[in-house]
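Below is upload.pdb, holding PDB, C-alpha atoms.
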```pdb
ATOM      1  CA  MET A  23       8.401  -5.102 -13.131
ATOM      2  CA  SER A  24      10.159  -8.384 -12.740
ATOM      3  CA  SER A  25       8.467 -11.736 -12.852
ATOM      4  CA  GLN A  26       8.481 -11.974  -9.039
ATOM      5  CA  LEU A  27       5.328 -13.018  -7.271
ATOM      6  CA  ASN A  28       2.563 -10.410  -7.119
ATOM      7  CA  VAL A  29       2.997  -9.902  -3.384
ATOM      8  CA  SER A  30       6.689  -9.026  -3.863
ATOM      9  CA  ASN A  31       5.943  -6.496  -6.601
ATOM     10  CA  TYR A  32       3.075  -5.003  -4.591
ATOM     11  CA  ILE A  33       5.272  -4.445  -1.515
ATOM     12  CA  LYS A  34       8.219  -3.206  -3.599
ATOM     13  CA  TYR A  35       6.096  -0.611  -5.398
ATOM     14  CA  PHE A  36       4.864   0.956  -2.158
ATOM     15  CA  ARG A  37       8.267   0.600  -0.426
ATOM     16  CA  ASP A  38       9.860   2.518  -3.313
ATOM     17  CA  MET A  39       7.351   5.339  -2.882
ATOM     18  CA  ALA A  40       8.003   5.418   0.885
ATOM     19  CA  THR A  41      11.739   5.567   0.198
ATOM     20  CA  ARG A  42      11.436   8.447  -2.267
ATOM     21  CA  HIS A  43       8.714  10.583  -0.641
ATOM     22  CA  LYS A  44      10.255  13.646   1.039
ATOM     23  CA  ASP A  45       8.120  13.377   4.196
ATOM     24  CA  ILE A  46       8.570   9.635   4.699
ATOM     25  CA  MET A  47      12.178   8.946   3.612
ATOM     26  CA  HIS A  48      12.157   5.246   4.499
ATOM     27  CA  ASP A  49      15.578   3.579   4.622
ATOM     28  CA  PRO A  50      15.258   0.016   3.217
ATOM     29  CA  GLU A  51      18.388  -0.961   5.208
ATOM     30  CA  SER A  52      16.332  -0.431   8.383
ATOM     31  CA  GLU A  53      14.253  -3.494   7.501
ATOM     32  CA  THR A  54      17.229  -5.743   8.186
ATOM     33  CA  GLY A  55      18.447  -3.810  11.218
ATOM     34  CA  ASN A  56      21.281  -2.178   9.272
ATOM     35  CA  GLY A  57      19.778   1.296   8.962
ATOM     36  CA  LYS A  58      20.001   4.239  11.307
ATOM     37  CA  VAL A  59      17.773   4.151  14.383
ATOM     38  CA  GLY A  60      14.488   5.837  13.553
ATOM     39  CA  SER A  61      14.884   5.441   9.775
ATOM     40  CA  LYS A  62      12.229   2.751   9.361
ATOM     41  CA  HIS A  63       9.157   4.490   7.965
ATOM     42  CA  PHE A  64       7.565   1.629   5.992
ATOM     43  CA  ALA A  65       6.166  -1.770   6.927
ATOM     44  CA  SER A  66       3.557  -4.209   5.770
ATOM     45  CA  TRP A  67       0.987  -4.841   8.450
ATOM     46  CA  SER A  68      -2.444  -6.273   9.147
ATOM     47  CA  SER A  69      -5.423  -4.608  10.751
ATOM     48  CA  GLU A  70      -5.048  -6.918  13.775
ATOM     49  CA  GLU A  71      -1.818  -5.113  14.626
ATOM     50  CA  VAL A  72      -3.866  -2.069  15.597
ATOM     51  CA  ILE A  73      -5.001  -4.094  18.622
ATOM     52  CA  VAL A  74      -1.942  -6.193  19.420
ATOM     53  CA  GLY A  75       0.734  -3.710  18.288
ATOM     54  CA  LEU A  76       3.093  -3.582  15.335
ATOM     55  CA  ARG A  77       5.408  -6.535  14.788
ATOM     56  CA  SER A  78       8.272  -4.189  13.991
ATOM     57  CA  SER A  79       9.426  -0.825  15.272
ATOM     58  CA  VAL A  80       8.484   1.966  12.908
ATOM     59  CA  SER A  81       9.229   5.652  13.310
ATOM     60  CA  PHE A  82       6.226   7.891  12.705
ATOM     61  CA  THR A  83       8.231  11.126  12.679
ATOM     62  CA  PRO A  84       7.557  12.842  10.420
ATOM     63  CA  ALA A  85       5.393  10.067   8.886
ATOM     64  CA  ALA A  86       5.271   6.376   8.020
ATOM     65  CA  LEU A  87       3.555   4.319   5.346
ATOM     66  CA  LEU A  88       1.966   1.043   6.490
ATOM     67  CA  LEU A  89       0.873  -1.280   3.695
ATOM     68  CA  GLU A  90      -1.809  -3.922   4.117
ATOM     69  CA  LEU A  91      -1.509  -7.005   1.975
ATOM     70  CA  TYR A  92      -4.332  -7.410  -0.500
ATOM     71  CA  GLU A  93      -7.441  -9.537  -0.266
ATOM     72  CA  VAL A  94      -8.894 -11.475  -3.177
ATOM     73  CA  VAL A  95     -12.564 -12.277  -3.641
ATOM     74  CA  THR A  96     -13.465 -14.376  -6.651
ATOM     75  CA  ASN A  97     -16.408 -13.452  -8.806
ATOM     76  CA  SER A  98     -17.810 -15.467 -11.665
ATOM     77  CA  GLU A  99     -20.938 -16.328 -13.581
ATOM     78  CA  SER A 100     -19.660 -19.880 -14.049
ATOM     79  CA  VAL A 101     -16.943 -22.151 -12.676
ATOM     80  CA  TYR A 102     -15.097 -21.755 -16.002
ATOM     81  CA  ASP A 103     -14.651 -17.977 -15.833
ATOM     82  CA  ILE A 104     -13.334 -17.177 -12.358
ATOM     83  CA  LYS A 105     -11.939 -13.673 -11.875
ATOM     84  CA  GLY A 106     -10.270 -12.267  -8.788
ATOM     85  CA  GLU A 107     -11.326  -8.921  -7.351
ATOM     86  CA  TYR A 108      -8.418  -7.449  -5.412
ATOM     87  CA  LYS A 109      -8.589  -4.957  -2.548
ATOM     88  CA  GLY A 110      -5.572  -3.388  -0.921
ATOM     89  CA  ALA A 111      -5.003  -0.588   1.547
ATOM     90  CA  PHE A 112      -2.309   1.649   2.914
ATOM     91  CA  THR A 113      -2.226   3.886   5.962
ATOM     92  CA  VAL A 114      -0.090   6.964   6.488
ATOM     93  CA  LEU A 115       0.465   7.884  10.134
ATOM     94  CA  SER A 116       2.285  10.650  11.962
ATOM     95  CA  HIS A 117       3.038  11.012  15.653
ATOM     96  CA  ALA A 118       1.307  13.800  17.590
ATOM     97  CA  GLN A 119       2.236  15.127  20.993
ATOM     98  CA  THR A 120      -0.109  13.610  23.575
ATOM     99  CA  GLY A 121      -2.919  15.946  24.563
ATOM    100  CA  SER A 122      -2.219  18.511  21.838
ATOM    101  CA  VAL A 123      -5.196  19.036  19.559
ATOM    102  CA  THR A 124      -3.046  21.312  17.403
ATOM    103  CA  ALA A 125      -0.466  18.516  16.919
ATOM    104  CA  GLU A 126      -3.250  16.064  16.040
ATOM    105  CA  ILE A 127      -4.600  18.428  13.373
ATOM    106  CA  GLU A 128      -1.087  18.912  11.996
ATOM    107  CA  ALA A 129      -0.652  15.130  11.823
ATOM    108  CA  PHE A 130      -3.943  14.813   9.916
ATOM    109  CA  GLN A 131      -2.907  17.605   7.531
ATOM    110  CA  LEU A 132       0.490  16.035   6.829
ATOM    111  CA  THR A 133      -0.815  12.504   6.346
ATOM    112  CA  GLU A 134      -3.730  13.595   4.171
ATOM    113  CA  ARG A 135      -1.321  15.438   1.878
ATOM    114  CA  ILE A 136       0.989  12.413   1.732
ATOM    115  CA  CYS A 137      -1.937  10.115   0.877
ATOM    116  CA  TYR A 138      -2.877  12.356  -2.025
ATOM    117  CA  ASP A 139       0.787  12.541  -3.091
ATOM    118  CA  LEU A 140       0.912   8.730  -3.199
ATOM    119  CA  LEU A 141      -2.372   8.490  -5.093
ATOM    120  CA  SER A 142      -1.183  11.170  -7.540
ATOM    121  CA  LYS A 143       2.034   9.211  -8.113
ATOM    122  CA  ILE A 144       0.071   6.021  -8.801
ATOM    123  CA  TRP A 145      -2.196   7.940 -11.202
ATOM    124  CA  GLN A 146       0.815   9.475 -12.972
ATOM    125  CA  ASP A 147       2.407   6.023 -13.294
ATOM    126  CA  HIS A 148      -0.742   4.852 -15.074
ATOM    127  CA  TYR A 149      -2.142   7.804 -16.996
ATOM    128  CA  GLY A 150       0.392  10.642 -16.796
ATOM    129  CA  HIS A 151       2.262  12.194 -19.704
ATOM    130  CA  GLU A 152       5.335  10.052 -19.030
ATOM    131  CA  SER A 153       3.527   7.067 -17.517
ATOM    132  CA  VAL A 154       5.527   3.960 -16.705
ATOM    133  CA  ARG A 155       2.605   1.616 -16.122
ATOM    134  CA  GLU A 156       4.828  -1.357 -16.947
ATOM    135  CA  GLU A 157       6.803  -0.561 -13.797
ATOM    136  CA  THR A 158       3.783  -0.917 -11.538
ATOM    137  CA  PRO A 159       2.293  -4.218 -10.394
ATOM    138  CA  PHE A 160      -1.177  -3.042 -11.491
ATOM    139  CA  ARG A 161      -2.980  -3.560 -14.773
ATOM    140  CA  TYR A 162      -5.777  -1.421 -13.371
ATOM    141  CA  PHE A 163      -6.043   0.731 -10.248
ATOM    142  CA  ASP A 164      -9.598   1.780  -9.333
ATOM    143  CA  PHE A 165      -9.440   5.506  -8.641
ATOM    144  CA  THR A 166     -13.241   5.752  -8.900
ATOM    145  CA  HIS A 167     -13.963   3.901  -5.629
ATOM    146  CA  LEU A 168     -11.318   4.923  -3.102
ATOM    147  CA  ALA A 169     -12.216   4.803   0.585
ATOM    148  CA  ILE A 170     -10.145   7.396   2.467
ATOM    149  CA  THR A 171     -10.763   7.192   6.199
ATOM    150  CA  PRO A 172      -9.214   9.160   9.073
ATOM    151  CA  THR A 173      -7.620   7.050  11.804
ATOM    152  CA  SER A 174      -6.917   8.447  15.208
ATOM    153  CA  LYS A 175      -4.939   7.642  18.301
ATOM    154  CA  LEU A 176      -3.268   4.444  17.138
ATOM    155  CA  PHE A 177      -0.238   2.902  18.856
ATOM    156  CA  ASP A 178       1.604   5.700  20.677
ATOM    157  CA  ASN A 179      -0.639   8.645  19.674
ATOM    158  CA  GLU A 180      -0.378   8.318  15.869
ATOM    159  CA  PHE A 181      -2.933   9.949  13.583
ATOM    160  CA  GLY A 182      -3.503   9.745   9.850
ATOM    161  CA  TYR A 183      -5.484   8.299   6.989
ATOM    162  CA  ARG A 184      -6.197   4.834   5.619
ATOM    163  CA  VAL A 185      -6.775   4.462   1.872
ATOM    164  CA  GLU A 186      -8.561   1.361   0.580
ATOM    165  CA  PHE A 187      -8.512   0.656  -3.142
ATOM    166  CA  GLY A 188      -9.449  -1.956  -5.705
ATOM    167  CA  PHE A 189      -7.126  -3.092  -8.469
ATOM    168  CA  GLU A 190      -6.149  -5.803 -10.929
ATOM    169  CA  PHE A 191      -2.664  -7.226 -11.039
ATOM    170  CA  ARG A 192      -0.661  -7.108 -14.233
ATOM    171  CA  GLN A 193       0.068 -10.804 -13.825
ATOM    172  CA  THR A 194      -2.636 -13.095 -12.524
ATOM    173  CA  ARG A 195      -2.979 -16.805 -11.990
ATOM    174  CA  ASN A 196      -5.973 -18.527 -13.490
ATOM    175  CA  ILE A 197      -7.126 -21.276 -11.112
ATOM    176  CA  THR A 198      -8.955 -23.030 -13.950
ATOM    177  CA  THR A 199      -5.559 -23.794 -15.552
ATOM    178  CA  PRO A 200      -3.860 -26.947 -14.236
ATOM    179  CA  PRO A 201      -0.709 -26.454 -12.145
ATOM    180  CA  PRO A 202       2.605 -27.140 -13.903
ATOM    181  CA  VAL A 203       3.672 -30.745 -14.280
ATOM    182  CA  GLY A 204       5.614 -31.825 -11.193
ATOM    183  CA  THR A 205       3.779 -29.518  -8.780
ATOM    184  CA  PHE A 206       2.023 -32.480  -7.202
ATOM    185  CA  LEU A 207       4.221 -35.568  -6.796
TER     186      LEU A 207
END
```
For this file, produce the structure as structure tokens.
Amino acid sequence: MSSQLNVSNYIKYFRDMATRHKDIMHDPESETGNGKVGSKHFASWSSEEVIVGLRSSVSFTPAALLLELYEVVTNSESVYDIKGEYKGAFTVLSHAQTGSVTAEIEAFQLTERICYDLLSKIWQDHYGHESVREETPFRYFDFTHLAITPTSKLFDNEFGYRVEFGFEFRQTRNITTPPPVGTFL
């Protein structure tokens, strides 16, 4: 991955998966308004948007990938050895016809499969036969403590799964190292 900021690499990695997954097929041009109507199937979002609504229009047919930006909690035994513990999450949602239990179950089935497809792709990028770990933003992705939670009736009758995960970035900033000369004038 390039030497962009971690947040850029994190978003790009998941956007690329949303673009290439056969059931999501996100069009990156839709993020600037240049794509076809209904071709936006990826966005970064925050959990508050569940209550107030999405900032951008996303099509959930057949499915969409919503990426939450990561949180960092520092952990250390001393002020000289501060390490960041990162947590991220993504949600895959699909629209279901209002009042149709069958459509809701189909949405759960589709989004669960997509979640496992995404997790399998991340695993393959790290540990697979032809792994390209250098092309991911992660030094380590914690597959041993995933939280996979069903989400129901969001926005306009969308259903799916939220996957929370821990990880370490490939590139990190050590806050015990002074900032570069000229940062503070």
Worksheet item: For Ile33 of chain A, which residue out of A:Leu91, A:Val203, A:Leu115, A:Leu140 is the nearest one, using only C-alpha atoms?
Response: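 When distances to Ile33 of chain A are compared using only C-alpha atoms, the smallest one comes from A:Leu91.
The closest residue to Gln131 of chain A, picked from A:Phe112, A:Leu87, A:Ser153, A:Tyr183 and counting all atoms listed in the file, is A:Tyr183.
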Practice prompt. Go ahead and compute the interatomic distance for atom CA of Lys44 of chain A and atom CA of Thr113 of chain A, in Å to one decimal.
Written response: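 The value is 16.6 Å.
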Worksheet item: Could you spell out the hits of the PyMOL selection byres ((chain A and resi 160-168) around 7) on the shown file, as a count of residues only?
Response: 12
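Distance check against Val123 of chain A using only C-alpha atoms: of A:Ser174, A:Tyr138, A:Lys109, A:Asp103, the minimum falls on A:Ser174.
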Discussion item. Here is a test: counting all atoms listed in the file, which residue of A:Val80, A:Leu89, A:Cys137, A:Val94 is nearest to Glu180 of chain A?
Written reply: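 For Glu180 of chain A, the nearest of the given residues is A:Val80.
Using only C-alpha atoms for every distance, the candidate list A:Leu141, A:Thr171, A:Trp67, A:Ser78 yields A:Ser78 as the residue closest to Ser52 of chain A.
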Practice prompt. Compile the contact shell of segment 134-136 of chain A as a list in words: residues with an atom at most 9 Å away, counting only C-alpha atoms, same-chain residues fewer than 4 positions apart removed.
Written response: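 In the requested form, the answer reads His43, Asp45, Ile46, Ala85, Val114, Ala129, Phe130, Leu140, Leu141, Pro172, Gly182 and Tyr183 of chain A.
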Fill in: Which residue of A:Gly110, A:Pro200, A:Gly55, A:Gly121 approaches Arg184 of chain A most closely, using all atoms listed in the file
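Checking each candidate against Arg184 of chain A, we get A:Gly110 as the closest.
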Fill in: Evaluate the PyMOL selection byres ((chain A and resi 105) around 9) and report residues as an MDAnalysis selection string
chainID A and resid 95:98 103:104 106:107 196
Worksheet item: How many Å lie between atom CA of Asp147 of chain A and atom CA of Met39 of chain A, rounded to one decimal?
Response: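 For atom CA of Asp147 of chain A relative to atom CA of Met39 of chain A, the distance reads 11.5 Å.
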Worksheet item: What does the PyMOL selection byres ((chain A and resi 53) around 12) select in this file, as number ranges by chain?
Response: A: 37, 41, 48-52, 54-66, 77-81
Worksheet item: Between atom CA of Tyr149 of chain A and atom CA of Ala86 of chain A, what is the distance, to one decimal in Å?
Response: 26.1 Å
